[in-house]
Amino acid sequence: MSHRYLADPSSLVTKDRVYLYCSDDDESPVQGSYVIPDVVCVSSSDMKNWTDHGTVFRAEKETTWAKKTWAPSAIERDGKYFLYFGNGGGNIGVVVADNPLGPFKDVLGKYLIDGRTPGVQPAKNMWLFDPGVFIDDDGQAFIYFGGNGDDNVRVAKLKRDMITLDGEVMKMNAPNFFEASWMFKRKGVYYFAYSSNPKAGMRIDYMTGGKPTEGFTYRGTVADQPPINNDNNHAAEFEFKGRWFHVYHNRVVAKEAGIPTGFRRNLALEEFGFEEDGAIRKVVYTTNGVAQAGNLNPYTRVEGETTNAQHGVETEKCSEGGMNLCCLDQGDWVRVVGVDFGGKGAKKFSARVASAEEGGNIELRLGGADGKLVGTCRVENTGGWQSWKSVSCEVAGAAGVQDLYLKFTGGQKPLFNVDCWKFE
């Protein structure tokens with residue numbers, strides 16, 4: 001997701017896909033402070049190619065009481081999807097949808113938790129944010145939250161409806177606790193992970209226990225402060241297709257863009273494992289260390305905003321649903337990796353495109369932006385940036401498993417938009 005600035009990721013895992021819900025740094029002033037008025041969702045079925053679903057919830061538009069959506073967390077229950085968020089550091093809300101991508105509705109019409117909620121106090125300078133939601137094997141749901149002090153960890157039971165607290169908030173303690181509460185369970189053991197405070201290096205530390213609310217023992221570090229971060233740290237751990245992943249943020253994209261990194265964070269992902277005694281093997285940071293979890297099928301519809309890497313592209317809301325690639329200029333490109341064209345290979349490529357200018361070409365290249373050319377698809381003016389038409393071209397030489405580049409070429413004006421594509 002190097003085309004946008006996202007942070008504070010949390011994970012929702014389904015059978016064949018992982019959804020990450022993130023704080024949106026795109027609207028924060030570069031040299032100002034965090035605004036974060038909306039939640040952005042991205043997803044993947046293979047851990048390498050990620051789809052940008054754009055904004056799935058905007059607090060000021062969808063509620064009458066909230067303006068911020070810090071560090072969201074989502075979970076599914078009984079066919080409904082529940083999205084929890086911090087309205088700044090003062091209270092926590094929840095919204096509900098029938099789909100992981102929304103639209104999310106404010107069914108309560110107010111916050112779920114604030115400083116007056118029974119059990120929250122007493123607390124010294126507590127931050128009421130960073131909700132982490134967990135459903136145990138017996139069906140009991142919990143919400144973890146808090147910040148800024150070892151004694152400022154809080155947990156509460158949730159009723160089956162997931163929008164009502166079940167009893168008073170309970171107190172927990174975690175050494176050097178700062179923020180980013182996250183709970184997961186493995187082989188009957190509860191793992192509570194969190195960001196440590198600046199004095200402790202803003203690592204992601206963890207405790208384990210035999211119960212979800214008490215009796216925890218400090219076990220050490222999940223992951224050190226990420227490289228090129230040097231500021232707040234936030235992460236989530238999840239299992240997908242039998243492997244464990246650690247998703248977090250750093251500030252690599254802003255550094256490479258040559259802008260101040262303080263309020264422009266980006267997503268990152270690593271894989272990790274466990275020792276025989278259940279201890280976490282500390283995350284090793286890499287630049288491309290996650291193996292792909294299955295190849296991409298190019299013979300089904302692929303969203304244009306599905307990328308592994310990109311140069312120069314942006315995304316926007318599409319009139320045909322979802323998002324589309326936009327702001328494409330001469331030489332821009334997107335890459336998708338592990339594309340399985342099969343032994344016989346592809347013969348045809350088609351895409352949904354729109355242009356209010358002279359258009360251009362979609363060059364299909366393998367292995368690099370200037371790699372083997374296997375097809376060129378011409379795009380003409382369609383009458384508008386959201387006036388969509390289908391275009392196609394013949395393909396030759398695309399077989400086996402390849403890294404595919406869609407390179408956009410043409411004149412000096414903006415070229416065209418891309419909604420989706422497919423090979424035959």
# chains A, B, ... in the order shown; residues from 1 in each chain; ligands from 1
call {"tool": "residues_around", "arguments": {"residues": "A:Asn266", "least_positions_apart": "5", "cutoff": "6 Å", "atoms": "only C-alpha atoms", "output": "list in words"}}
result
Tyr5, Leu6, Ala7, His249, Asn250 and Arg251 of chain A
call {"tool": "write_last_selection", "arguments": {"atoms": "C-alpha atoms", "output": "PDB file, in the first residue's frame"}}
result
ATOM      1  CA  TYR A   5      -0.341   6.438   4.324  1.00  0.00           C
ATOM      2  CA  LEU A   6      -2.003   3.985   6.729  1.00  0.00           C
ATOM      3  CA  ALA A   7      -1.242   2.996  10.320  1.00  0.00           C
ATOM      4  CA  HIS A 249       3.502   0.428  10.670  1.00  0.00           C
ATOM      5  CA  ASN A 250       6.707   2.296  10.006  1.00  0.00           C
ATOM      6  CA  ARG A 251       7.642   5.417   8.060  1.00  0.00           C
TER       7      ARG A 251
END
call {"tool": "residues_around", "arguments": {"residues": "A:Phe416", "least_positions_apart": "5", "cutoff": "6 Å", "atoms": "only C-alpha atoms", "output": "ChimeraX atom specification"}}
result
/A:354-355,359
call {"tool": "closest_residue", "arguments": {"among": "A:Thr14, A:Glu179, A:Lys48, A:Ala223", "to": "A:Gly79", "atoms": "only C-alpha atoms"}}
result
A:Thr14
call {"tool": "atom_distance", "arguments": {"atom1": "atom CA of A:Met47", "atom2": "atom CA of A:Gly371"}}
result
23.8 Å
call {"tool": "select_by_dssp", "arguments": {"residues": "stretch 216-382 of chain A", "states": "strand (DSSP E)", "output": "JSON, numbers by chain"}}
result
{"A": [217, 218, 219, 220, 221, 222, 223, 235, 236, 237, 238, 239, 240, 243, 244, 245, 246, 247, 248, 249, 250, 266, 267, 268, 269, 270, 271, 272, 302, 303, 306, 307, 309, 310, 311, 314, 315, 316, 317, 323, 324, 325, 326, 332, 333, 334, 335, 336, 337, 338, 339, 340, 348, 349, 350, 351, 352, 353, 354, 355, 360, 361, 362, 363, 364, 365, 366, 372, 373, 374, 375, 376, 377, 378, 379]}
call {"tool": "closest_residue", "arguments": {"among": "A:Asp138, A:Asp161, A:Asp151, A:Glu275", "to": "A:Val96", "atoms": "only C-alpha atoms"}}
result
A:Asp161
call {"tool": "closest_atom_pairs", "arguments": {"of": "stretch 221-318 of chain A", "to": "stretch 333-338 of chain A", "cutoff": "8 Å", "atoms": "only C-alpha atoms", "output": "JSON lines"}}
result
{"residue": "A:Gln292", "atom": "CA", "partner": "A:Gly338", "partner_atom": "CA", "distance": 7.5}
{"residue": "A:Gly294", "atom": "CA", "partner": "A:Gly338", "partner_atom": "CA", "distance": 7.9}
{"residue": "A:Asn295", "atom": "CA", "partner": "A:Gly338", "partner_atom": "CA", "distance": 5.0}
{"residue": "A:Leu296", "atom": "CA", "partner": "A:Gly338", "partner_atom": "CA", "distance": 5.9}
{"residue": "A:Thr306", "atom": "CA", "partner": "A:Val336", "partner_atom": "CA", "distance": 7.3}
{"residue": "A:Thr307", "atom": "CA", "partner": "A:Val336", "partner_atom": "CA", "distance": 5.2}
{"residue": "A:Asn308", "atom": "CA", "partner": "A:Val336", "partner_atom": "CA", "distance": 5.1}
{"residue": "A:Ala309", "atom": "CA", "partner": "A:Arg335", "partner_atom": "CA", "distance": 5.1}
{"residue": "A:Gln310", "atom": "CA", "partner": "A:Val334", "partner_atom": "CA", "distance": 4.2}
{"residue": "A:His311", "atom": "CA", "partner": "A:Trp333", "partner_atom": "CA", "distance": 5.3}
{"residue": "A:Gly312", "atom": "CA", "partner": "A:Trp333", "partner_atom": "CA", "distance": 7.0}
{"residue": "A:Val313", "atom": "CA", "partner": "A:Trp333", "partner_atom": "CA", "distance": 7.2}
call {"tool": "write_last_selection", "arguments": {"atoms": "N, CA and C atoms", "output": "PDB file, in the first residue's frame"}}
result
ATOM      1  N   GLN A 292       4.700 -15.795  -0.306  1.00  0.00           N
ATOM      2  CA  GLN A 292       3.338 -15.695  -0.820  1.00  0.00           C
ATOM      3  C   GLN A 292       2.521 -16.925  -0.435  1.00  0.00           C
ATOM      4  N   GLY A 294      -0.034 -18.657  -1.779  1.00  0.00           N
ATOM      5  CA  GLY A 294      -0.873 -19.016  -2.921  1.00  0.00           C
ATOM      6  C   GLY A 294      -0.730 -18.021  -4.047  1.00  0.00           C
ATOM      7  N   ASN A 295      -0.792 -18.505  -5.273  1.00  0.00           N
ATOM      8  CA  ASN A 295      -0.616 -17.646  -6.441  1.00  0.00           C
ATOM      9  C   ASN A 295      -1.896 -16.885  -6.793  1.00  0.00           C
ATOM     10  N   LEU A 296      -1.725 -15.815  -7.554  1.00  0.00           N
ATOM     11  CA  LEU A 296      -2.861 -15.017  -8.011  1.00  0.00           C
ATOM     12  C   LEU A 296      -3.398 -15.596  -9.315  1.00  0.00           C
ATOM     13  N   THR A 306      -5.435  -3.597  -6.806  1.00  0.00           N
ATOM     14  CA  THR A 306      -4.717  -4.699  -6.163  1.00  0.00           C
ATOM     15  C   THR A 306      -3.262  -4.621  -6.598  1.00  0.00           C
ATOM     16  N   THR A 307      -2.363  -4.417  -5.653  1.00  0.00           N
ATOM     17  CA  THR A 307      -0.958  -4.233  -5.994  1.00  0.00           C
ATOM     18  C   THR A 307      -0.042  -4.890  -4.975  1.00  0.00           C
ATOM     19  N   ASN A 308       1.150  -5.206  -5.450  1.00  0.00           N
ATOM     20  CA  ASN A 308       2.251  -5.567  -4.556  1.00  0.00           C
ATOM     21  C   ASN A 308       3.222  -4.402  -4.436  1.00  0.00           C
ATOM     22  N   ALA A 309       3.348  -3.642  -5.506  1.00  0.00           N
ATOM     23  CA  ALA A 309       4.158  -2.432  -5.519  1.00  0.00           C
ATOM     24  C   ALA A 309       3.619  -1.528  -6.617  1.00  0.00           C
ATOM     25  N   GLN A 310       4.028  -0.245  -6.583  1.00  0.00           N
ATOM     26  CA  GLN A 310       3.521   0.701  -7.571  1.00  0.00           C
ATOM     27  C   GLN A 310       4.484   1.860  -7.717  1.00  0.00           C
ATOM     28  N   HIS A 311       4.275   2.595  -8.785  1.00  0.00           N
ATOM     29  CA  HIS A 311       5.001   3.847  -8.986  1.00  0.00           C
ATOM     30  C   HIS A 311       4.040   4.882  -9.547  1.00  0.00           C
ATOM     31  N   GLY A 312       3.785   5.939  -8.786  1.00  0.00           N
ATOM     32  CA  GLY A 312       3.045   7.079  -9.283  1.00  0.00           C
ATOM     33  C   GLY A 312       1.539   7.000  -9.266  1.00  0.00           C
ATOM     34  N   VAL A 313       0.935   5.894  -8.804  1.00  0.00           N
ATOM     35  CA  VAL A 313      -0.511   5.754  -8.913  1.00  0.00           C
ATOM     36  C   VAL A 313      -1.209   6.266  -7.659  1.00  0.00           C
TER      37      VAL A 313
END
call {"tool": "atom_distance", "arguments": {"atom1": "atom CA of A:Glu316", "atom2": "atom CA of A:Asp419"}}
result
9.9 Å
call {"tool": "residues_around", "arguments": {"residues": "A:Thr213", "least_positions_apart": "6", "cutoff": "10 Å", "atoms": "only C-alpha atoms", "output": "list of chain:residue names"}}
result
A:Phe142, A:Tyr144, A:Arg154, A:Val155, A:Ala156, A:Lys157, A:Met170, A:Lys171, A:Met172, A:Tyr190, A:Phe192
call {"tool": "write_last_selection", "arguments": {"atoms": "C-alpha atoms", "output": "compact mmCIF listing (two decimals), in the first residue's frame"}}
result
# COMPACT_ATOMS: atom_id res chain seq x y z
CA PHE A 142 -13.96 -9.14 25.28
CA TYR A 144 -9.31 -4.49 25.64
CA ARG A 154 -8.73 -2.24 30.84
CA VAL A 155 -10.88 -5.15 29.66
CA ALA A 156 -14.63 -5.68 29.58
CA LYS A 157 -16.92 -8.49 28.57
CA MET A 170 -11.99 -4.88 34.76
CA LYS A 171 -8.47 -3.67 35.47
CA MET A 172 -5.27 -5.28 34.20
CA TYR A 190 -3.92 -16.24 25.92
CA PHE A 192 -1.83 -10.08 25.39
call {"tool": "closest_residue", "arguments": {"among": "A:Ser196, A:Gln31, A:Asn233, A:Thr63", "to": "A:Pro9", "atoms": "only C-alpha atoms"}}
result
A:Asn233
call {"tool": "residues_around", "arguments": {"residues": "stretch 403-413 of chain A", "least_positions_apart": "6", "cutoff": "8 Å", "atoms": "only C-alpha atoms", "output": "list in words"}}
result
Leu328, Asp329, Gln330, Gly331, Asp332, Trp333, Val334, Arg335, Val336, Val337, Gly338, Val339, Glu357, Glu358, Gly359, Gly360, Asn361, Ile362, Glu363, Leu364, Arg365, Leu366, Gly367, Gly368 and Ala369 of chain A
call {"tool": "atom_distance", "arguments": {"atom1": "atom CA of A:Lys211", "atom2": "atom CA of A:Asp8"}}
result
26.0 Å
call {"tool": "residues_around", "arguments": {"residues": "A:Ala396", "least_positions_apart": "4", "cutoff": "9 Å", "atoms": "only C-alpha atoms", "output": "PyMOL selection string"}}
result
chain A and resi 345-348+373-375
call {"tool": "write_last_selection", "arguments": {"atoms": "C-alpha atoms", "output": "short mmCIF file (atom, residue, chain, number, x, y, z; two decimals), in the first residue's frame"}}
result
data_model
loop_
_atom_site.label_atom_id
_atom_site.label_comp_id
_atom_site.auth_asym_id
_atom_site.auth_seq_id
_atom_site.Cartn_x
_atom_site.Cartn_y
_atom_site.Cartn_z
CA GLY A 345 -0.50 -19.31 -21.07
CA ALA A 346 -2.79 -16.35 -21.66
CA LYS A 347 -4.11 -15.33 -25.06
CA LYS A 348 -6.12 -12.18 -24.28
CA LEU A 373 6.42 -7.14 -23.29
CA VAL A 374 3.60 -9.67 -23.79
CA GLY A 375 0.81 -7.34 -24.87
#
call {"tool": "select_by_dssp", "arguments": {"residues": "stretch 128-360 of chain A", "states": "alpha helix (DSSP H)", "output": "PyMOL selection string"}}
result
chain A and resi 252-257
call {"tool": "write_last_selection", "arguments": {"atoms": "N, CA and C atoms", "output": "tab-separated table (two decimals), in the first residue's frame"}}
result
chain	number	residue	atom	x	y	z
A	252	VAL	N	8.70	4.23	6.24
A	252	VAL	CA	9.57	4.05	5.09
A	252	VAL	C	9.09	4.85	3.89
A	253	VAL	N	7.79	4.80	3.59
A	253	VAL	CA	7.26	5.44	2.39
A	253	VAL	C	7.46	6.95	2.44
A	254	ALA	N	7.20	7.55	3.60
A	254	ALA	CA	7.40	9.00	3.73
A	254	ALA	C	8.86	9.37	3.58
A	255	LYS	N	9.75	8.55	4.14
A	255	LYS	CA	11.18	8.83	4.00
A	255	LYS	C	11.59	8.79	2.54
A	256	GLU	N	11.12	7.76	1.82
A	256	GLU	CA	11.47	7.64	0.40
A	256	GLU	C	10.86	8.76	-0.42
A	257	ALA	N	9.72	9.30	0.04
A	257	ALA	CA	9.08	10.42	-0.67
A	257	ALA	C	9.73	11.76	-0.34
